Amino acid sequence: MTTSNESEAKRPLKLNRPGKLQLKKTVETGQVRQSFSHGRSKAVTVEVKRSRTFERGSSGRMKEVTEAKAESQTAPAEAPDSAAVETVDEKTAGKHPQLSAEERASRARALEIAKEEEASRRHREEEEAKRRAVEAKHAAEERARREAEEEAARAKAAEEAERQAKLEAEQATAQDGSAAAQAQPAGTPAPQKAPAKAPARAKDDSRPATPEEDASARAKRKPSAPPKPTQGRRGEQRRRSGKLTINQALDGQETRQRSLASVKRQREKQMRATHAHQPHQPPQKVIREVVLPEIITVQELANRMATRGADVVKTLMKLGVMATITQSIDADTAELVVEEFGHKIKRVSAADVEIGMRGADDDPEELQPRPPVVTVMGHVDHGKTSLLDALRATDVVAGEAGGITQHIGAYQVRLASGERITFIDTPGHAAFTEMRSRGATVTDIVVLVVAGDDGIKEQTVEAINHAKAAEVPIIVAINKMDKPGADSSRVKQELLQHELIVEDMGGEILAIEVSATEKTNLDKLEEAILLQSELLELKANPDRGAEGVIIEAKLERGRGSVATVLVQRGKLSVGDIFVAGSEWGRVRALVNERGEQVDTAGPADPVEVLGLNGTPLAGDDFTVVENEGRAREIAEYRQRTRRETEITATARGSLEQMMSRIKEGEASELPVVVKSDVHGSMEAIVNSFEKLGNEEVKVRVLHSGVGGINESDVTLANATGAIIIAFNVRANPQARQMARRDSVDIRYYSIIYDVVDDVKAALSGLLAPKQQEQFLGYAEIRQVFNNSKVGKVAGCMITEGQVKRGAKVRLLRDNVVIHDGTLKTLRRFKDEVREVKEGYECGMAFENYTDIQVNDQIECYEIQEVARAL
């Protein structure tokens with residue numbers, strides 16, 4: 001808004017057009033009508049805006065360029081810019097009022113911005129000029145360097161050309177001399193060689209050269225004329241020899257050195273000429289060492305022998321094997337093919353991945369003493385776990401179902417003297433025989449627990465046999481000596497029957513009388529164990545990769561697969577990569593027997609290992625390997641081997657035998673799915689099931705695993721009609737719902753006796769019932785009647801027992817059975833009756849038999865089916 005001209009500001013508001021009140025338009029508007037298809041149209045308003053142009057005047061201010069100024073610029077008259085600007089200022093002075101403060105400030109800011117842009121532009125131009133100068137300097141230095149290199153190359157090429165010329169001249173002179181010597185007659189003296197021209201005396205270098213001398217020197221340095229091309233053997237021009245450079249080409253010197261291809265051709269020609277005088281020898285065959293895996297394809301075999309695949313196929317055909325190039329053959333067949341081609345054979349197996357896994361043997365100097373590993377063995381309920389509880393002051397029996405130890409427990413006891421003893425508690429039940437034998441393979445000393453009031457039992461004998469097979473020393477602990485009926489002398493006498501002679505009787509077996517409940521003589525038992533371990537000199541190397549045995553493995557919620565490992569040698573640390581049977585993993589945590597997390601475990605230390613990818617089998621070896629790839633490779637190989645073994649073990653004879661047994665109804669199976677909390681219990685249950693079967697019926701374990709029952713187990717049982725045996729595990733809610741819907745039988749157990757008894761009863765139900773004959777009575781034929789409808793009818797008297805309709809009968813004549821059949825009809829007078837007792841008369845007719853006579857005896861009996869039991 002302008003305030004200088006008040007009359008301009010007080011101008012009254014008037015109509016721009018007559019009869020229409022509107023503001024003055026700053027743009028010119030118009031309407032255009034657009035036409036579309038189907039007769040549609042649309043009116044569009046078009047606005048035209050005038051652009052405003054500004055420029056800097058003579059006074060430094062920005063001025064608007066009007067139409068008058070634009071016309072004056074296009075006019076032919078040439079006027080200075082200052083005059084034009086002044087003219088515009090004069091014309092616009094009266095038209096526009098004075099600028100406001102805000103407009104002046106904005107124009108001043110625009111002027112400052114323009115000045116800053118100008119300064120920035122000048123600065124950029126200066127920087128660009130500096131950069132171009134630096135680049136020009138670098139380019140000049142690069143050109144100078146290249147010129148120096150080219151000069152050095154030219155000098156070197158000139159020296160090489162001079163040397164080559166001298167060499168060719170000497171060769172030509174020698175050839176001319178030999179030719180002249182051959183052509184000269186005998187007695188003619190050889191022509192003397194012209195004396196060489198004496199070299200000119202060198203000039204004085206101290207005197208500056210004159211212009212005439214410079215000119216003569218340049219003339220001498222000019223290249224000489226190129227040598228004339230020599231003629232070939234047939235008169236044709238020979239190929240230029242030598243290397244042609246750019247300078248030589250420009251100066252006209254086209255002398256080239258001999259190419260490498262030419263030298264190679266000459267050498268080959270000489271070799272052919274040399275071998276032409278020698279007798280022809282066939283090429284010597286290359287004998288290769290061919291590595292043969294267990295299975296290999298024909299194409300791969302051909303590649304390893306460097307032979308065509310078609311030749312290998314022909315050789316196989318000669319051997320009677322029809323195989324294409326893409327088919328696989330076994331190692332034995334491939335070995336015959338390799339022998340046919342005359343190569344060496346190197347057989348490899350998939351088991352080679354385990355070579356070197358355990359490392360080298362320990363140096364005796366690196367071995368250090370380790371605690372003994374003691375296995376407590378004995379009959380069921382003889383007090384093994386109670387004795388161990390007394391030694392380690394803990395109670396494990398309270399947590400076991402039925403007071404029977406179901407799991408192998410490994411514990412380490414620290415004595416008051418600082419010594420350590422590792423105990424392995426094995427279950428005494430007969431079903432855990434394999435677990436107990438596995439415990440005996442990792443132990444150093446066996447403590448045989450025998451109850452003083454019970455003596456040696458069946459499983460005690462098994463424990464003695466396992467200890468003898470493992471060749472480990474035995475210490476006898478006679479337990480329950482606090483009971484009134486305990487007699488240690490009787491136990492010692494019974495031990496003599498099994499070749500165990502105690503020290504009291506002149507033997508070497510230590511026998512300690514203890515009481516687990518009263519905790520008497522426990523110190524003597526510990527002293528006996530330590531004494532025996534000193535005699536064994538137990539040592540191991542703790543400074544190497546850990547190796548051990550899986551004592552037990554289980555699957556726990558929230559922790560995954562957990563394995564109890566007894567380290568035998570080396571040191572196991574958190575983060576180690578290991579292989580456990582057919583599983584592998586990385587140690588995430590180590591937990592000792594007290595539930596404490598530890599970082600390392602040494603020899604004879606039992607620990608729980610977390611970080612397994614799967615649940616291994618109890619008794620599998622545990623080995624630390626160098627990297628994850630090696631562990632994965634070994635685990636995959638062992639899984640393949642175990643799968644093949646299981647397939648072979650589950651095979652049930654040939655197909656013909658299986659079909660014939662099914663057709664005859666002889667083979668009956670009880671399919672079961674076994675799930676347990678730990679692997680040792682699962683293995684014991686499966687082994688018990690295998691012992692229950694016979695030739696007619698048996699238990700077929702479709703699947704056995706560690707962990708709770710899931711949906712896949714129920715689906716498998718439903719598809720095969722199996723029952724699910726759950727030992728100390730439960731089914732999840734989804735599995736329970738599926739089992740109720742599909743009527744799948746899930747049986748839960750916590751005592752192994754109940755599992756064996758129930759499955760035994762189920763197997764007994766699958767047995768075919770036994771057919772047993774039951775005698776009913778005798779009848780004597782008194783008279784024979786002929787009936788047109790029935791045939792011959794025997795009039796009989798029941799002499800003993802009774803006769804029933806539909807029963808089995810035998811016809812006896814002179815106490816000899818002449819017919820065995822079925823009773824067709826039984827009548828008394830004219831009525832059909834169900835049975836006739838002793839002392840009554842009746843009429844009988846046989847099924848499909850009429851040869852009856854008077855005084856014949858009829859024996860009546862029936863067949864009953866009696867259930868069988870295993």
# chains A, B, ... in the order shown; residues from 1 in each chain; ligands from 1
>>> residues_around(residues="A:Glu513", least_positions_apart="6", cutoff="10 Å", atoms="only C-alpha atoms", output="PyMOL selection string")
chain A and resi 450-452+476-482+487-488+520-522+524-525
>>> select_by_dssp(residues="stretch 482-719 of chain A", states="strand (DSSP E or B)", output="count of residues only")
84
>>> residues_around(residues="stretch 793-809 of chain A", least_positions_apart="5", cutoff="10 Å", atoms="only C-alpha atoms", output="ChimeraX atom specification")
/A:773,775-787,819-828,832-847,850,852-863
>>> write_last_selection(atoms="N, CA and C atoms", output="short mmCIF file (atom, residue, chain, number, x, y, z; two decimals), in the first residue's frame")
data_model
loop_
_atom_site.label_atom_id
_atom_site.label_comp_id
_atom_site.auth_asym_id
_atom_site.auth_seq_id
_atom_site.Cartn_x
_atom_site.Cartn_y
_atom_site.Cartn_z
N GLU A 773 -10.85 -130.80 23.15
CA GLU A 773 -11.97 -131.73 22.98
C GLU A 773 -12.56 -132.10 24.35
N PHE A 775 -15.38 -134.62 26.18
CA PHE A 775 -16.19 -135.83 25.99
C PHE A 775 -17.59 -135.61 26.57
N LEU A 776 -18.63 -136.11 25.77
CA LEU A 776 -20.03 -135.95 26.20
C LEU A 776 -20.65 -137.30 26.64
N GLY A 777 -20.51 -138.36 25.82
CA GLY A 777 -21.12 -139.63 26.22
C GLY A 777 -21.01 -140.69 25.13
N TYR A 778 -21.48 -141.90 25.49
CA TYR A 778 -21.49 -143.03 24.56
C TYR A 778 -22.94 -143.45 24.31
N ALA A 779 -23.15 -144.01 23.09
CA ALA A 779 -24.47 -144.58 22.73
C ALA A 779 -24.23 -145.88 21.95
N GLU A 780 -25.13 -146.83 22.16
CA GLU A 780 -25.01 -148.13 21.47
C GLU A 780 -26.17 -148.26 20.49
N ILE A 781 -25.84 -148.73 19.24
CA ILE A 781 -26.86 -148.89 18.21
C ILE A 781 -27.58 -150.24 18.47
N ARG A 782 -28.87 -150.15 18.70
CA ARG A 782 -29.67 -151.36 18.95
C ARG A 782 -30.38 -151.83 17.69
N GLN A 783 -30.75 -150.89 16.81
CA GLN A 783 -31.50 -151.27 15.60
C GLN A 783 -31.27 -150.17 14.56
N VAL A 784 -31.32 -150.57 13.25
CA VAL A 784 -31.11 -149.65 12.15
C VAL A 784 -32.39 -149.56 11.35
N PHE A 785 -32.88 -148.37 11.10
CA PHE A 785 -34.11 -148.13 10.32
C PHE A 785 -33.75 -147.40 9.04
N ASN A 786 -34.58 -147.69 7.99
CA ASN A 786 -34.42 -147.00 6.71
C ASN A 786 -35.52 -145.96 6.58
N ASN A 787 -35.15 -144.75 6.28
CA ASN A 787 -36.08 -143.63 6.12
C ASN A 787 -35.85 -143.02 4.75
N HIS A 819 -15.38 -143.69 11.44
CA HIS A 819 -15.94 -142.47 10.90
C HIS A 819 -15.89 -141.38 11.98
N ASP A 820 -15.57 -140.17 11.54
CA ASP A 820 -15.54 -139.00 12.44
C ASP A 820 -16.29 -137.89 11.72
N GLY A 821 -17.45 -137.52 12.26
CA GLY A 821 -18.26 -136.53 11.57
C GLY A 821 -19.14 -135.76 12.52
N THR A 822 -20.27 -135.30 11.99
CA THR A 822 -21.19 -134.45 12.75
C THR A 822 -22.54 -135.13 12.82
N LEU A 823 -23.21 -134.93 13.96
CA LEU A 823 -24.55 -135.51 14.15
C LEU A 823 -25.56 -134.68 13.38
N LYS A 824 -26.31 -135.36 12.45
CA LYS A 824 -27.24 -134.63 11.60
C LYS A 824 -28.57 -134.39 12.29
N THR A 825 -29.12 -135.41 12.93
CA THR A 825 -30.43 -135.27 13.58
C THR A 825 -30.45 -136.09 14.85
N LEU A 826 -31.23 -135.63 15.84
CA LEU A 826 -31.39 -136.31 17.13
C LEU A 826 -32.87 -136.24 17.50
N ARG A 827 -33.51 -137.43 17.54
CA ARG A 827 -34.96 -137.48 17.80
C ARG A 827 -35.26 -138.47 18.94
N ARG A 828 -36.31 -138.09 19.61
CA ARG A 828 -36.86 -139.01 20.62
C ARG A 828 -38.32 -139.20 20.25
N GLU A 832 -37.95 -133.73 17.47
CA GLU A 832 -36.55 -133.32 17.43
C GLU A 832 -36.19 -132.72 18.80
N VAL A 833 -35.16 -133.24 19.43
CA VAL A 833 -34.78 -132.79 20.76
C VAL A 833 -33.34 -132.25 20.72
N ARG A 834 -32.97 -131.44 21.76
CA ARG A 834 -31.65 -130.84 21.83
C ARG A 834 -30.62 -131.80 22.43
N GLU A 835 -31.02 -132.60 23.41
CA GLU A 835 -30.08 -133.51 24.04
C GLU A 835 -30.86 -134.69 24.63
N VAL A 836 -30.16 -135.81 24.77
CA VAL A 836 -30.73 -137.02 25.38
C VAL A 836 -29.72 -137.52 26.38
N LYS A 837 -30.16 -137.76 27.62
CA LYS A 837 -29.26 -138.14 28.69
C LYS A 837 -29.18 -139.66 28.81
N GLU A 838 -28.34 -140.08 29.73
CA GLU A 838 -28.05 -141.51 29.93
C GLU A 838 -29.32 -142.27 30.37
N GLY A 839 -29.53 -143.53 29.79
CA GLY A 839 -30.67 -144.39 30.10
C GLY A 839 -31.87 -144.19 29.21
N TYR A 840 -31.78 -143.28 28.27
CA TYR A 840 -32.89 -143.03 27.35
C TYR A 840 -32.52 -143.50 25.96
N GLU A 841 -33.63 -143.79 25.20
CA GLU A 841 -33.45 -144.21 23.81
C GLU A 841 -33.68 -143.00 22.91
N CYS A 842 -33.06 -143.09 21.71
CA CYS A 842 -33.18 -141.98 20.75
C CYS A 842 -32.81 -142.49 19.38
N GLY A 843 -33.15 -141.67 18.39
CA GLY A 843 -32.76 -141.99 17.02
C GLY A 843 -31.75 -140.96 16.50
N MET A 844 -30.67 -141.43 15.87
CA MET A 844 -29.61 -140.53 15.37
C MET A 844 -29.29 -140.86 13.93
N ALA A 845 -28.94 -139.81 13.18
CA ALA A 845 -28.50 -139.97 11.79
C ALA A 845 -27.24 -139.11 11.60
N PHE A 846 -26.28 -139.60 10.81
CA PHE A 846 -24.99 -138.92 10.60
C PHE A 846 -25.04 -138.06 9.34
N GLU A 847 -24.18 -137.08 9.30
CA GLU A 847 -24.07 -136.17 8.15
C GLU A 847 -23.22 -136.85 7.09
N THR A 850 -23.80 -143.32 5.93
CA THR A 850 -24.93 -144.24 6.18
C THR A 850 -24.47 -145.66 6.51
N ILE A 852 -23.84 -147.84 8.82
CA ILE A 852 -23.97 -148.12 10.26
C ILE A 852 -24.55 -149.52 10.43
N GLN A 853 -24.13 -150.13 11.55
CA GLN A 853 -24.59 -151.49 11.83
C GLN A 853 -24.97 -151.59 13.31
N VAL A 854 -25.68 -152.69 13.55
CA VAL A 854 -26.11 -152.94 14.93
C VAL A 854 -24.88 -153.27 15.77
N ASN A 855 -24.93 -152.87 17.06
CA ASN A 855 -23.86 -153.06 18.04
C ASN A 855 -22.65 -152.12 17.83
N ASP A 856 -22.77 -151.19 16.90
CA ASP A 856 -21.71 -150.17 16.78
C ASP A 856 -21.82 -149.18 17.94
N GLN A 857 -20.67 -148.64 18.34
CA GLN A 857 -20.62 -147.65 19.41
C GLN A 857 -20.50 -146.24 18.80
N ILE A 858 -21.22 -145.31 19.40
CA ILE A 858 -21.15 -143.91 18.96
C ILE A 858 -20.57 -143.09 20.12
N GLU A 859 -19.45 -142.43 19.86
CA GLU A 859 -18.81 -141.55 20.85
C GLU A 859 -19.15 -140.11 20.49
N CYS A 860 -19.75 -139.40 21.42
CA CYS A 860 -20.17 -138.02 21.18
C CYS A 860 -19.26 -137.06 21.98
N TYR A 861 -18.79 -135.96 21.31
CA TYR A 861 -17.91 -134.99 21.96
C TYR A 861 -18.13 -133.62 21.30
N GLU A 862 -17.58 -132.58 21.93
CA GLU A 862 -17.65 -131.24 21.36
C GLU A 862 -16.28 -130.55 21.52
N ILE A 863 -16.04 -129.54 20.67
CA ILE A 863 -14.76 -128.81 20.66
C ILE A 863 -14.94 -127.48 21.38
#
>>> atom_distance(atom1="atom CA of A:Leu495", atom2="atom CA of A:Ala528")
18.5 Å
>>> atom_distance(atom1="atom CA of A:Val446", atom2="atom CA of A:Gly570")
23.4 Å
>>> residues_around(residues="A:Val706", least_positions_apart="6", cutoff="8 Å", atoms="only C-alpha atoms", output="ChimeraX atom specification")
/A:554-555,615,675-679,682
>>> write_last_selection(atoms="N, CA and C atoms", output="mmCIF file, in the first residue's frame")
data_model
loop_
_atom_site.group_PDB
_atom_site.id
_atom_site.type_symbol
_atom_site.label_atom_id
_atom_site.label_comp_id
_atom_site.auth_asym_id
_atom_site.auth_seq_id
_atom_site.Cartn_x
_atom_site.Cartn_y
_atom_site.Cartn_z
ATOM 1 N N LYS A 554 17.719 -86.930 27.589
ATOM 2 C CA LYS A 554 16.279 -86.701 27.711
ATOM 3 C C LYS A 554 15.937 -85.359 27.079
ATOM 4 N N LEU A 555 14.639 -85.150 26.873
ATOM 5 C CA LEU A 555 14.126 -83.922 26.290
ATOM 6 C C LEU A 555 13.300 -83.201 27.342
ATOM 7 N N THR A 615 18.174 -85.619 20.418
ATOM 8 C CA THR A 615 18.401 -86.452 21.605
ATOM 9 C C THR A 615 19.221 -87.673 21.211
ATOM 10 N N LYS A 675 6.645 -93.739 24.002
ATOM 11 C CA LYS A 675 7.228 -92.440 24.325
ATOM 12 C C LYS A 675 7.619 -92.463 25.801
ATOM 13 N N SER A 676 8.836 -92.009 26.089
ATOM 14 C CA SER A 676 9.360 -92.047 27.450
ATOM 15 C C SER A 676 10.009 -90.718 27.783
ATOM 16 N N ASP A 677 10.295 -90.533 29.072
ATOM 17 C CA ASP A 677 10.918 -89.283 29.494
ATOM 18 C C ASP A 677 12.413 -89.274 29.226
ATOM 19 N N VAL A 678 13.062 -90.414 29.296
ATOM 20 C CA VAL A 678 14.488 -90.513 29.016
ATOM 21 C C VAL A 678 14.727 -91.673 28.076
ATOM 22 N N HIS A 679 15.857 -91.631 27.420
ATOM 23 C CA HIS A 679 16.130 -92.658 26.412
ATOM 24 C C HIS A 679 16.397 -94.018 27.036
ATOM 25 N N MET A 682 13.134 -95.784 27.642
ATOM 26 C CA MET A 682 12.527 -96.163 26.364
ATOM 27 C C MET A 682 13.206 -97.402 25.782
#
>>> atom_distance(atom1="atom CA of A:Lys346", atom2="atom CA of A:Asp330")
14.0 Å
>>> residues_around(residues="A:Gly595", least_positions_apart="6", cutoff="12 Å", atoms="only C-alpha atoms", output="list in words")
Tyr411, Ala589, Pro606, Val607, Glu608 and Val609 of chain A
>>> write_last_selection(atoms="N, CA, C and O atoms", output="PDB file, in the first residue's frame")
ATOM      1  N   TYR A 411      26.934 -89.090  39.787  1.00  0.00           N
ATOM      2  CA  TYR A 411      27.185 -88.098  40.820  1.00  0.00           C
ATOM      3  C   TYR A 411      28.650 -88.166  41.214  1.00  0.00           C
ATOM      4  O   TYR A 411      29.287 -89.225  41.109  1.00  0.00           O
ATOM      5  N   ALA A 589      25.595 -74.718  27.837  1.00  0.00           N
ATOM      6  CA  ALA A 589      25.737 -74.628  29.288  1.00  0.00           C
ATOM      7  C   ALA A 589      26.151 -75.992  29.825  1.00  0.00           C
ATOM      8  O   ALA A 589      25.834 -77.037  29.244  1.00  0.00           O
ATOM      9  N   PRO A 606      31.016 -85.841  35.857  1.00  0.00           N
ATOM     10  CA  PRO A 606      29.703 -85.968  35.202  1.00  0.00           C
ATOM     11  C   PRO A 606      29.010 -84.607  35.147  1.00  0.00           C
ATOM     12  O   PRO A 606      28.906 -83.902  36.155  1.00  0.00           O
ATOM     13  N   VAL A 607      28.548 -84.230  33.970  1.00  0.00           N
ATOM     14  CA  VAL A 607      27.866 -82.944  33.785  1.00  0.00           C
ATOM     15  C   VAL A 607      26.686 -83.145  32.848  1.00  0.00           C
ATOM     16  O   VAL A 607      26.650 -84.087  32.045  1.00  0.00           O
ATOM     17  N   GLU A 608      25.728 -82.236  32.961  1.00  0.00           N
ATOM     18  CA  GLU A 608      24.624 -82.167  32.010  1.00  0.00           C
ATOM     19  C   GLU A 608      24.976 -81.146  30.939  1.00  0.00           C
ATOM     20  O   GLU A 608      25.366 -80.022  31.260  1.00  0.00           O
ATOM     21  N   VAL A 609      24.840 -81.545  29.688  1.00  0.00           N
ATOM     22  CA  VAL A 609      25.221 -80.709  28.551  1.00  0.00           C
ATOM     23  C   VAL A 609      23.963 -80.228  27.853  1.00  0.00           C
ATOM     24  O   VAL A 609      23.095 -81.039  27.503  1.00  0.00           O
TER      25      VAL A 609
END
>>> residues_around(residues="stretch 731-740 of chain A", least_positions_apart="2", cutoff="8 Å", atoms="only C-alpha atoms", output="list in words")
Gly708, Ile709, Asn710, Glu711, Val714, Val729, Asp742, Ser743, Val744, Asp745 and Ile746 of chain A
>>> write_last_selection(atoms="N, CA, C and O atoms", output="tab-separated table (two decimals), in the first residue's frame")
chain	number	residue	atom	x	y	z
A	708	GLY	N	7.16	-85.72	25.23
A	708	GLY	CA	5.72	-85.87	25.34
A	708	GLY	C	5.07	-86.37	24.06
A	708	GLY	O	5.68	-86.40	23.00
A	709	ILE	N	3.81	-86.76	24.18
A	709	ILE	CA	3.04	-87.26	23.04
A	709	ILE	C	2.49	-86.07	22.27
A	709	ILE	O	1.82	-85.20	22.84
A	710	ASN	N	2.74	-86.04	20.97
A	710	ASN	CA	2.27	-84.94	20.13
A	710	ASN	C	1.28	-85.45	19.10
A	710	ASN	O	0.91	-86.63	19.08
A	711	GLU	N	0.87	-84.54	18.21
A	711	GLU	CA	-0.15	-84.89	17.22
A	711	GLU	C	0.33	-85.94	16.23
A	711	GLU	O	-0.45	-86.79	15.77
A	714	VAL	N	-0.16	-89.45	17.58
A	714	VAL	CA	-1.56	-89.88	17.52
A	714	VAL	C	-1.96	-90.21	16.09
A	714	VAL	O	-2.69	-91.19	15.83
A	729	VAL	N	5.45	-89.61	30.76
A	729	VAL	CA	5.19	-88.44	29.92
A	729	VAL	C	3.68	-88.32	29.75
A	729	VAL	O	2.93	-89.24	30.05
A	742	ASP	N	-10.39	-89.73	17.50
A	742	ASP	CA	-10.08	-90.89	16.66
A	742	ASP	C	-10.10	-92.21	17.44
A	742	ASP	O	-9.76	-93.25	16.87
A	743	SER	N	-10.46	-92.16	18.73
A	743	SER	CA	-10.52	-93.37	19.58
A	743	SER	C	-9.18	-94.09	19.62
A	743	SER	O	-9.09	-95.32	19.47
A	744	VAL	N	-8.09	-93.33	19.81
A	744	VAL	CA	-6.75	-93.89	19.95
A	744	VAL	C	-6.48	-94.13	21.44
A	744	VAL	O	-6.70	-93.25	22.27
A	745	ASP	N	-6.02	-95.34	21.76
A	745	ASP	CA	-5.79	-95.72	23.14
A	745	ASP	C	-4.42	-95.24	23.59
A	745	ASP	O	-3.39	-95.63	23.04
A	746	ILE	N	-4.39	-94.35	24.59
A	746	ILE	CA	-3.15	-93.87	25.20
A	746	ILE	C	-3.11	-94.39	26.63
A	746	ILE	O	-4.02	-94.11	27.42
>>> residues_around(residues="stretch 339-344 of chain A", least_positions_apart="6", cutoff="10 Å", atoms="only C-alpha atoms", output="ChimeraX atom specification")
/A:285-291,305,307,311-312,315-316
